[in-house]
Every structure is written in C-alpha cells, then in structure tokens.
Amino acid sequence: MLQTFLRIYPHDLVDGGMEEVLDRLHGEVGATGVSVWAGSPAVVQWRAQPIDPRILRTSGGLYFRPDDQHYSATRIKPIVANDMRGWDSIELAVKACWDRGIAIRLVISASMIGHLPESYPDVATKNVYGDRSHVAICLANPDVQNLLKGMLTDLSTRYELSGVVMTDFAIAWPDAGSSRFRAATEIGALEAELLSACFCESCHQGGEAAGVEVTAARRSVEKILQGKIDRDGMSERRMETALSHHTPLAEYFAWRANELSSLWAKTTESCPCGLLLDCGHDPSASRQHERIDWSLPAGVMAQIDSVDDWTSVMREGVVRSEARIPACLAGGTHGPELVGALAAAVEHGVSAVEIDDYALLSDAALDTIKQAFRFARRESVV
C-alpha cells in the first residue's frame, strides 16, 4: 500500500497545537506518517495556515538535545536551534505520533544545518575564488563526516523511528543561489554549477591525495567563468562539454562523486532505523550522486516538478523509491491533477509520496491532498 507523508517543521507542530495538527493530518487528511525536521537550515516561511506568527523566521539548527557520546570523533559540536524553547520538540513529536499510530521519521540537512558554518568557519565550503560559504559545511571534511555519522547514530538509537531523511547531500558552495547574489552576467546552468563547486582545503587535500590535479581543475573553472564575463554567451553551454575539454576538472568532479558515494555507505551503516536520501532536483546534485551504490539498504527520494513526472523518481536497483511533491503542486490549478496523478505513482512502483511542507498548504490544498491520498490508497489495494 502506498505510504503518504507530510513534511513539517517542529514550529508548525508546536504553534498549531501538536495533538490538533497530528490528528488533522492523520485522521482527516489521511497521511500515514510525518517527516519532522530534526536539523534544518535557516528558513523564512509565509504560513498558509492560520498559525501565529504568520511569517516564521528561524536560523535553523538541531531540534533535539544531542548526546555527547556520539560526537567524540569530531571537533565540531552540534548546535541546538535558538528557538527550541528549552524543550526537546522531537521527543514530544515522536511520542505523540506513536500514541496515535502515526509513522514518524526525521529530516536532517547533511551540509546546511543552521549555525555550523558561522561557528566553525574552517569547515565551511569555499568557491573557486576562496569565498567562504555562510550556509554550508563541506562533506569532504573528516570532522563534518564524523559529525553527520554521529547525528544519525544519535537519532537512531534514541528514538523509535520509521527512518531518517537526509537532504542537501552535496559538496557545494550554494551561496550563489541567494536572491541577493548579483553578477555581471546571467548565470546559466553551467555557471551555476561551476560557481557552486567547492575548493576548500579539505577538497584540495582529498583530491590531491587521490591523484587529481586540483590546482589545474581550479584554473579551468576560473577560465570558463572569466570567459563568460568577458564574452557573454561565448563560454561552453553544457557541463558535459566543459568536462570533455578540461580533463583535470572532470577528474576532480569524479573524485567528488566518489567521496560522496563512500560517505553515503558509511552513513547508511550509522542509521539502523533506515536512511532515505532526498536527491532534490538540482542537476549538479545528480552529477554528484552518480556513483552512489543504490543497492545499499537505503531509499531514495526525488522531487517531481510536474504531476506527470513519475518516471524520473525511479532508479534501477534502489530498494525503495519515493517522490517528494512541492506544496505548489497540491494547490491552485495543479490540485485536481494531483488526485489522478498519485494513482499513476502507484503504477510506476513508487513506495511513498511526501508533500513538502505542511505550513505552506492552505485548507483547500489539504482537502485536495485528502482526496488524492484516498484515491491512491484505494488504487494500491485493487
């Protein structure tokens, strides 16, 4: 039977009344489970639900109190969110869910948990110009890897969970995606991916140790980007073309993919309750994930950008395939299409769908989701 989840921030559970929100999602909407953020980036929400405050601002961080014994292998200490308000919101959510027979899994950002880049600048990612990220830490750094494994072990051993969802599993300088980032030229897909490439000290050392000419790869990135600035529209248009013309860069990107593949295997071992990788929909992230062993005992979640996009969710050899549906596809003109589309998800072999996220869903959107969940569940048992 198709499983159905809604992703939700701890604030939305608490501010809306934890029991009331869970009863609505399970009893009325028909969700079989919820995915609650346990370690999130900074976020600003314009809540569609009548929850006070309607504009929520949080600097992110952890929403559970970490057990120090799981972090002895790293110099980085996990940082609790400023707005946790003195209590363990995850512990309360886990108990409330199991009391109601609702599956609960937790969501962790691998590289963008709030406060860490500012508190530990030495492990932040850096772009080709040496600019340090204000939002991301580097997954090639050994201390960051041990921090991530510690968090997964901490969560898995402390709470009775249905699983852990990992997002932002990438080695990247993501600051160019900010709405305040300004450039001398239009940033296309090629420029965005090259600007996001990390060249921090950990990446440089790791790449050189693997036999990659990192300095040459870095010069290639600078050359392509400068060519775009000097002759707008004259640089390579596709990443595949750039990699074919710049061998050290291709080798550097291959090393990065291998590094993430190795880390994924280690984190899978650290999460006995079941790990799920949220791949998002960024082509750059897909390139970084291309060497991951999908046959490992873990699942994969892909975001769909249209209700007809189910084939992109499936990957050969994956133990479990899920789809994440943005809130925008559950409301407005897309709403009616969603009802029939979830039945198609069942036909394609999708194990579960997750709507992201609760606070952005109006009452009308929740009603549509209710109809879609019921129809898909009925189809999955026929």
# chains A, B, ... in the order shown; residues from 1 in each chain; ligands from 1
$ residues_around --residues "Thr58 (chain A)" --least-positions-apart "6" --cutoff "8 Å" --atoms "only C-alpha atoms" --output "list in words"
Ala42, Val43, Val44 and Asp83 of chain A
$ residues_around --residues "region 263-265 of chain A" --least-positions-apart "4" --cutoff "8 Å" --atoms "only C-alpha atoms" --output "PyMOL selection string"
chain A and resi 145+259+269+292-293+296
$ select_by_dssp --residues "region 198-255 of chain A" --states "helix (DSSP H, G or I)" --output "MDAnalysis selection string"
chainID A and resid 201:209 214:230 239:245 247:255
$ residues_around --residues "Thr125 (chain A)" --least-positions-apart "5" --cutoff "10 Å" --atoms "only C-alpha atoms" --output "list in words"
Ser111, Pro117, Gly130, Asp131, Arg132, Ser133, His134, Val135, Ala136, Ile137, Cys138, Leu139, Ala140, Asn141, Ile171, Ala172, Trp173, Pro174, Asp175, Ser196, Ala197, Cys198, Phe199, Cys200, Glu201, Ser202 and Cys203 of chain A
$ write_last_selection --atoms "C-alpha atoms" --output "CSV table (one decimal), in the first residue's frame"
chain,number,residue,atom,x,y,z
A,111,SER,CA,25.5,20.1,4.8
A,117,PRO,CA,29.2,27.5,9.1
A,130,GLY,CA,38.2,31.3,-1.9
A,131,ASP,CA,35.0,32.9,-0.7
A,132,ARG,CA,33.7,31.0,2.3
A,133,SER,CA,30.1,29.9,2.4
A,134,HIS,CA,27.8,31.3,5.1
A,135,VAL,CA,25.3,28.5,4.8
A,136,ALA,CA,27.1,25.2,4.0
A,137,ILE,CA,29.8,23.0,5.5
A,138,CYS,CA,31.9,20.6,3.4
A,139,LEU,CA,31.1,16.9,3.4
A,140,ALA,CA,34.6,16.2,2.3
A,141,ASN,CA,35.9,17.4,5.7
A,171,ILE,CA,29.7,19.1,-1.6
A,172,ALA,CA,28.8,22.6,-2.8
A,173,TRP,CA,29.1,26.4,-2.3
A,174,PRO,CA,25.4,27.2,-2.6
A,175,ASP,CA,25.5,30.9,-1.8
A,196,SER,CA,28.9,26.0,-6.6
A,197,ALA,CA,32.0,23.8,-6.9
A,198,CYS,CA,33.8,23.7,-3.6
A,199,PHE,CA,37.6,24.2,-3.5
A,200,CYS,CA,38.1,24.3,0.3
A,201,GLU,CA,41.2,23.0,2.0
A,202,SER,CA,39.6,19.6,2.6
A,203,CYS,CA,38.6,19.2,-1.0
$ residues_around --residues "Pro10 (chain A)" --least-positions-apart "3" --cutoff "9 Å" --atoms "only C-alpha atoms" --output "list in words"
Leu13, Val14, Asp15, Met18, Val36, Trp37, Ala38, Tyr63, Met84, Ser89, Ile90 and Ala93 of chain A
$ write_last_selection --atoms "N, CA and C atoms" --output "PDB file, in the first residue's frame"
ATOM      1  N   LEU A  13       4.241  22.172  14.344  1.00  0.00           N
ATOM      2  CA  LEU A  13       3.565  21.249  15.257  1.00  0.00           C
ATOM      3  C   LEU A  13       3.239  21.936  16.576  1.00  0.00           C
ATOM      4  N   VAL A  14       4.211  22.676  17.080  1.00  0.00           N
ATOM      5  CA  VAL A  14       4.031  23.313  18.389  1.00  0.00           C
ATOM      6  C   VAL A  14       3.076  24.504  18.308  1.00  0.00           C
ATOM      7  N   ASP A  15       3.312  25.397  17.325  1.00  0.00           N
ATOM      8  CA  ASP A  15       2.490  26.605  17.229  1.00  0.00           C
ATOM      9  C   ASP A  15       1.045  26.288  16.856  1.00  0.00           C
ATOM     10  N   MET A  18       0.312  20.481  18.828  1.00  0.00           N
ATOM     11  CA  MET A  18       0.825  19.217  18.316  1.00  0.00           C
ATOM     12  C   MET A  18      -0.270  18.171  18.136  1.00  0.00           C
ATOM     13  N   VAL A  36       9.537  15.018  10.204  1.00  0.00           N
ATOM     14  CA  VAL A  36       9.747  16.216  11.008  1.00  0.00           C
ATOM     15  C   VAL A  36      11.222  16.625  10.946  1.00  0.00           C
ATOM     16  N   TRP A  37      11.451  17.914  10.686  1.00  0.00           N
ATOM     17  CA  TRP A  37      12.834  18.418  10.642  1.00  0.00           C
ATOM     18  C   TRP A  37      13.475  18.286  12.015  1.00  0.00           C
ATOM     19  N   ALA A  38      14.633  17.607  12.071  1.00  0.00           N
ATOM     20  CA  ALA A  38      15.403  17.496  13.307  1.00  0.00           C
ATOM     21  C   ALA A  38      16.675  18.319  13.252  1.00  0.00           C
ATOM     22  N   TYR A  63      16.902  20.315  16.548  1.00  0.00           N
ATOM     23  CA  TYR A  63      15.692  20.371  17.368  1.00  0.00           C
ATOM     24  C   TYR A  63      15.608  19.182  18.313  1.00  0.00           C
ATOM     25  N   MET A  84      14.468  26.504  20.136  1.00  0.00           N
ATOM     26  CA  MET A  84      13.939  25.231  20.619  1.00  0.00           C
ATOM     27  C   MET A  84      13.146  25.418  21.904  1.00  0.00           C
ATOM     28  N   SER A  89      11.684  19.179  21.210  1.00  0.00           N
ATOM     29  CA  SER A  89      10.470  19.086  20.402  1.00  0.00           C
ATOM     30  C   SER A  89      10.376  17.769  19.657  1.00  0.00           C
ATOM     31  N   ILE A  90      11.512  17.187  19.297  1.00  0.00           N
ATOM     32  CA  ILE A  90      11.493  15.911  18.590  1.00  0.00           C
ATOM     33  C   ILE A  90      10.985  14.796  19.500  1.00  0.00           C
ATOM     34  N   ALA A  93       7.302  15.063  19.671  1.00  0.00           N
ATOM     35  CA  ALA A  93       6.656  14.672  18.420  1.00  0.00           C
ATOM     36  C   ALA A  93       6.659  13.158  18.244  1.00  0.00           C
TER      37      ALA A  93
END
$ residues_around --residues "Arg378 (chain A)" --least-positions-apart "6" --cutoff "12 Å" --atoms "only C-alpha atoms" --output "ChimeraX atom specification"
/A:1-3,339-340,342-343,346,371-372
$ closest_residue --among "A:Glu193, A:Thr4, A:Ala327, A:Thr32" --to "Ala345 (chain A)" --atoms "only C-alpha atoms"
A:Thr4
$ residues_around --residues "Val94 (chain A)" --least-positions-apart "4" --cutoff "9 Å" --atoms "only C-alpha atoms" --output "number ranges by chain"
A: 89-90, 98-99, 103-105, 159-161
$ select_by_dssp --residues "region 149-245 of chain A" --states "strand (DSSP E or B)" --output "ChimeraX atom specification"
/A:163-167,172,197
$ write_last_selection --atoms "N, CA and C atoms" --output "PDB file, in the first residue's frame"
ATOM      1  N   GLY A 163      12.376   6.009  10.129  1.00  0.00           N
ATOM      2  CA  GLY A 163      13.503   6.273   9.254  1.00  0.00           C
ATOM      3  C   GLY A 163      14.017   7.688   9.421  1.00  0.00           C
ATOM      4  N   VAL A 164      15.092   7.996   8.694  1.00  0.00           N
ATOM      5  CA  VAL A 164      15.686   9.336   8.660  1.00  0.00           C
ATOM      6  C   VAL A 164      15.838   9.743   7.207  1.00  0.00           C
ATOM      7  N   VAL A 165      15.404  10.964   6.890  1.00  0.00           N
ATOM      8  CA  VAL A 165      15.535  11.520   5.547  1.00  0.00           C
ATOM      9  C   VAL A 165      16.702  12.508   5.551  1.00  0.00           C
ATOM     10  N   MET A 166      17.655  12.313   4.641  1.00  0.00           N
ATOM     11  CA  MET A 166      18.807  13.209   4.559  1.00  0.00           C
ATOM     12  C   MET A 166      18.689  14.099   3.321  1.00  0.00           C
ATOM     13  N   THR A 167      18.761  15.408   3.532  1.00  0.00           N
ATOM     14  CA  THR A 167      18.718  16.364   2.430  1.00  0.00           C
ATOM     15  C   THR A 167      20.080  17.047   2.271  1.00  0.00           C
ATOM     16  N   ALA A 172      29.164  21.484  -1.934  1.00  0.00           N
ATOM     17  CA  ALA A 172      28.850  22.638  -2.779  1.00  0.00           C
ATOM     18  C   ALA A 172      28.921  23.955  -2.012  1.00  0.00           C
ATOM     19  N   ALA A 197      30.929  24.758  -7.172  1.00  0.00           N
ATOM     20  CA  ALA A 197      31.975  23.780  -6.894  1.00  0.00           C
ATOM     21  C   ALA A 197      32.824  24.230  -5.709  1.00  0.00           C
TER      22      ALA A 197
END
